[in-house]
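K.L.:
Take this structure, written in structure tokens, and hold onto it; I'll ask about it next.
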Amino acid sequence: MHSRILIILGAAALLSSAAFSAPAPFALTSATFKDGTMMPQKVANMNAPGANPNPNCVGQNVSPQLSWSGTPDGTKSFAFTMVDPEGRGGLGVFHWVAYGIAPTTTSFAEGEISKASDKYVGGKSTQGVGNYSGPCTPPGSPHHYTFMVIATDLDTKDLPAGLTLPELQAKLDKHVKGAAGLVGLFVKPQ
């Protein structure tokens, strides 16, 4: 009986140590907003001086803080996207396309990706820019802004600047090690 109890306790100890040694899941979080909640108005885009104003651009174009952890083994670089699937009547709006992010990078500070940076290679958003371009959501139902970090086995200098989202997706085919997402909601305040 005593040896049976020791065997059971030993097996339980092995199981619990295995649970603690399992790698953490690849995850994306933000200090600016929680997954599935409304983002603050400051993340919305603003009208450029002298441009034809869009009444739905009511923010300051401050990119949210983003952090990721649990990097998959074999990751050589990260790519990032921000997509509004409801934008353009359901065709989608690509608000940020970036890649060539070093595997040692695990976060972007609030406002950091609102401008070009040597920490990433800028792709080409629907708005034609390589950095973060915040929401200009019309009144009504909130849109879902999906942020995605993608771990790749590509070196940081493998891809040229200016890729659109479909072009990036084609280049990443068979090079993805894992992905993690986060959804923020936004709508023009009434």
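We name chains A, B, ... following the order of the structure tokens; residues begin at 1 in each chain, and ligands are numbered from 1 as shown.
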Enumerate, in order of chain and increasing residue number, the residues of stretch 122-183 of chain A with an atom no farther than 9 Å from stretch 47-62 of chain A, each with its shortest atom pair and distance in Å to one decimal, counting only C-alpha atoms, as a tab-separated table.

P.N.:
residue	atom	partner	partner_atom	distance
A:Tyr132	CA	A:Asn61	CA	7.8
A:Ser133	CA	A:Asn61	CA	6.6
A:Gly134	CA	A:Asn61	CA	5.3
A:Pro135	CA	A:Cys57	CA	7.0
A:Cys136	CA	A:Cys57	CA	4.4
A:Thr137	CA	A:Asn56	CA	5.7
A:Pro138	CA	A:Asn56	CA	5.4
A:Pro139	CA	A:Asn56	CA	7.7

K.L.:
For the residues in the current selection, export N, CA and C atoms as a short mmCIF file (atom, residue, chain, number, x, y, z; two decimals), in the first residue's frame.

P.N.:
data_model
loop_
_atom_site.label_atom_id
_atom_site.label_comp_id
_atom_site.auth_asym_id
_atom_site.auth_seq_id
_atom_site.Cartn_x
_atom_site.Cartn_y
_atom_site.Cartn_z
N TYR A 132 1.35 52.80 -38.96
CA TYR A 132 0.00 52.70 -38.42
C TYR A 132 -0.89 53.83 -38.95
N SER A 133 -2.08 53.46 -39.35
CA SER A 133 -3.08 54.41 -39.81
C SER A 133 -4.39 54.04 -39.10
N GLY A 134 -4.75 54.84 -38.10
CA GLY A 134 -5.88 54.51 -37.23
C GLY A 134 -7.23 54.52 -37.91
N PRO A 135 -8.25 54.05 -37.19
CA PRO A 135 -9.61 53.97 -37.71
C PRO A 135 -10.24 55.32 -38.03
N CYS A 136 -11.07 55.34 -39.02
CA CYS A 136 -11.98 56.46 -39.33
C CYS A 136 -13.36 55.82 -39.49
N THR A 137 -13.83 55.20 -38.43
CA THR A 137 -15.05 54.41 -38.46
C THR A 137 -16.29 55.30 -38.48
N PRO A 138 -17.22 55.04 -39.38
CA PRO A 138 -18.45 55.83 -39.39
C PRO A 138 -19.32 55.52 -38.18
N PRO A 139 -20.28 56.41 -37.87
CA PRO A 139 -21.21 56.13 -36.77
C PRO A 139 -22.00 54.85 -37.05
#

K.L.:
Just the residues within 8 Å of A:Ile101, please, counting only C-alpha atoms, with nothing from its chain fewer than 3 positions along; format it as a ChimeraX atom specification.

P.N.:
/A:77-79,98,105,119-121,156

K.L.:
Need to verify the contact set: A:Ser69, 12 Å, only C-alpha atoms, exclusion of same-chain residues closer than 3 positions in sequence. Can you return it as a ChimeraX atom specification?

P.N.:
/A:23-30,66,72-73,78,103-107,149-151,178-181

K.L.:
Restrict the selected residues to N, CA, C and O atoms and save them as a CSV table (one decimal), in the first residue's frame.

P.N.:
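Produced file again.csv, reproduced below:
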chain,number,residue,atom,x,y,z
A,23,PRO,N,5.9,25.2,-22.9
A,23,PRO,CA,6.1,26.6,-23.4
A,23,PRO,C,4.8,27.4,-23.3
A,23,PRO,O,3.7,26.8,-23.5
A,24,ALA,N,4.9,28.6,-23.0
A,24,ALA,CA,3.8,29.5,-22.9
A,24,ALA,C,3.2,29.7,-24.3
A,24,ALA,O,4.0,29.7,-25.3
A,25,PRO,N,1.9,29.8,-24.5
A,25,PRO,CA,1.3,30.0,-25.8
A,25,PRO,C,1.7,31.4,-26.4
A,25,PRO,O,2.0,32.3,-25.6
A,26,PHE,N,1.8,31.4,-27.7
A,26,PHE,CA,2.1,32.7,-28.4
A,26,PHE,C,0.9,33.6,-28.2
A,26,PHE,O,-0.2,33.2,-28.5
A,27,ALA,N,1.1,34.8,-27.6
A,27,ALA,CA,0.0,35.7,-27.2
A,27,ALA,C,0.4,37.1,-27.5
A,27,ALA,O,1.5,37.5,-27.4
A,28,LEU,N,-0.7,37.9,-27.9
A,28,LEU,CA,-0.6,39.3,-28.1
A,28,LEU,C,-1.5,40.1,-27.2
A,28,LEU,O,-2.6,39.7,-27.0
A,29,THR,N,-0.9,41.1,-26.5
A,29,THR,CA,-1.7,41.9,-25.6
A,29,THR,C,-1.5,43.4,-25.8
A,29,THR,O,-0.5,43.7,-26.5
A,30,SER,N,-2.3,44.2,-25.2
A,30,SER,CA,-2.1,45.6,-25.2
A,30,SER,C,-2.5,46.3,-23.9
A,30,SER,O,-3.4,45.9,-23.3
A,66,LEU,N,1.5,47.5,-27.9
A,66,LEU,CA,1.4,46.1,-28.2
A,66,LEU,C,2.6,45.3,-27.7
A,66,LEU,O,3.7,45.7,-27.8
A,72,PRO,N,7.3,31.3,-30.9
A,72,PRO,CA,7.5,30.0,-31.3
A,72,PRO,C,9.0,29.7,-31.7
A,72,PRO,O,9.7,30.6,-32.1
A,73,ASP,N,9.4,28.5,-31.4
A,73,ASP,CA,10.8,28.1,-31.8
A,73,ASP,C,11.0,28.3,-33.2
A,73,ASP,O,10.1,28.1,-34.1
A,78,PHE,N,9.3,38.8,-37.2
A,78,PHE,CA,7.9,38.9,-37.0
A,78,PHE,C,7.3,39.8,-38.1
A,78,PHE,O,8.0,40.7,-38.6
A,103,PRO,N,13.6,39.2,-34.1
A,103,PRO,CA,13.0,38.2,-33.1
A,103,PRO,C,13.2,38.6,-31.6
A,103,PRO,O,12.5,38.1,-30.8
A,104,THR,N,14.1,39.6,-31.4
A,104,THR,CA,14.3,40.0,-30.0
A,104,THR,C,13.3,41.1,-29.6
A,104,THR,O,13.2,41.5,-28.5
A,105,THR,N,12.6,41.7,-30.6
A,105,THR,CA,11.6,42.7,-30.3
A,105,THR,C,10.3,42.0,-29.8
A,105,THR,O,9.8,41.0,-30.4
A,106,THR,N,9.8,42.5,-28.7
A,106,THR,CA,8.6,41.8,-28.1
A,106,THR,C,7.5,42.9,-27.7
A,106,THR,O,6.5,42.5,-27.1
A,107,SER,N,7.7,44.1,-28.2
A,107,SER,CA,6.7,45.1,-27.9
A,107,SER,C,6.9,46.4,-28.7
A,107,SER,O,8.0,46.6,-29.2
A,149,VAL,N,0.2,39.4,-34.9
A,149,VAL,CA,1.6,39.3,-34.9
A,149,VAL,C,1.9,37.9,-35.5
A,149,VAL,O,1.2,36.9,-35.1
A,150,ILE,N,2.8,37.8,-36.5
A,150,ILE,CA,3.0,36.5,-37.1
A,150,ILE,C,4.5,36.2,-37.0
A,150,ILE,O,5.4,37.0,-37.4
A,151,ALA,N,4.8,35.1,-36.4
A,151,ALA,CA,6.2,34.6,-36.3
A,151,ALA,C,6.6,33.9,-37.6
A,151,ALA,O,5.8,33.1,-38.1
A,178,GLY,N,3.9,30.6,-36.3
A,178,GLY,CA,2.8,30.8,-35.4
A,178,GLY,C,2.2,32.2,-35.6
A,178,GLY,O,2.9,33.1,-36.1
A,179,ALA,N,1.0,32.4,-35.0
A,179,ALA,CA,0.4,33.8,-35.1
A,179,ALA,C,-0.4,34.0,-33.8
A,179,ALA,O,-0.9,33.0,-33.2
A,180,ALA,N,-0.6,35.2,-33.4
A,180,ALA,CA,-1.4,35.6,-32.2
A,180,ALA,C,-2.1,36.9,-32.6
A,180,ALA,O,-1.6,37.7,-33.2
A,181,GLY,N,-3.4,37.0,-32.1
A,181,GLY,CA,-4.2,38.1,-32.5
A,181,GLY,C,-4.9,38.8,-31.3
A,181,GLY,O,-4.9,38.2,-30.2

K.L.:
DSSP says strand (DSSP E) for which residues of stretch 3-126 of chain A? Put them as a ChimeraX atom specification?

P.N.:
/A:27-29,37-38,66-69,77-84,93-101,107-108,121-122

K.L.:
Please indicate the distance in Å from atom CA of A:Leu165 to atom CA of A:Phe94, rounded to one decimal place.

P.N.:
7.0 Å
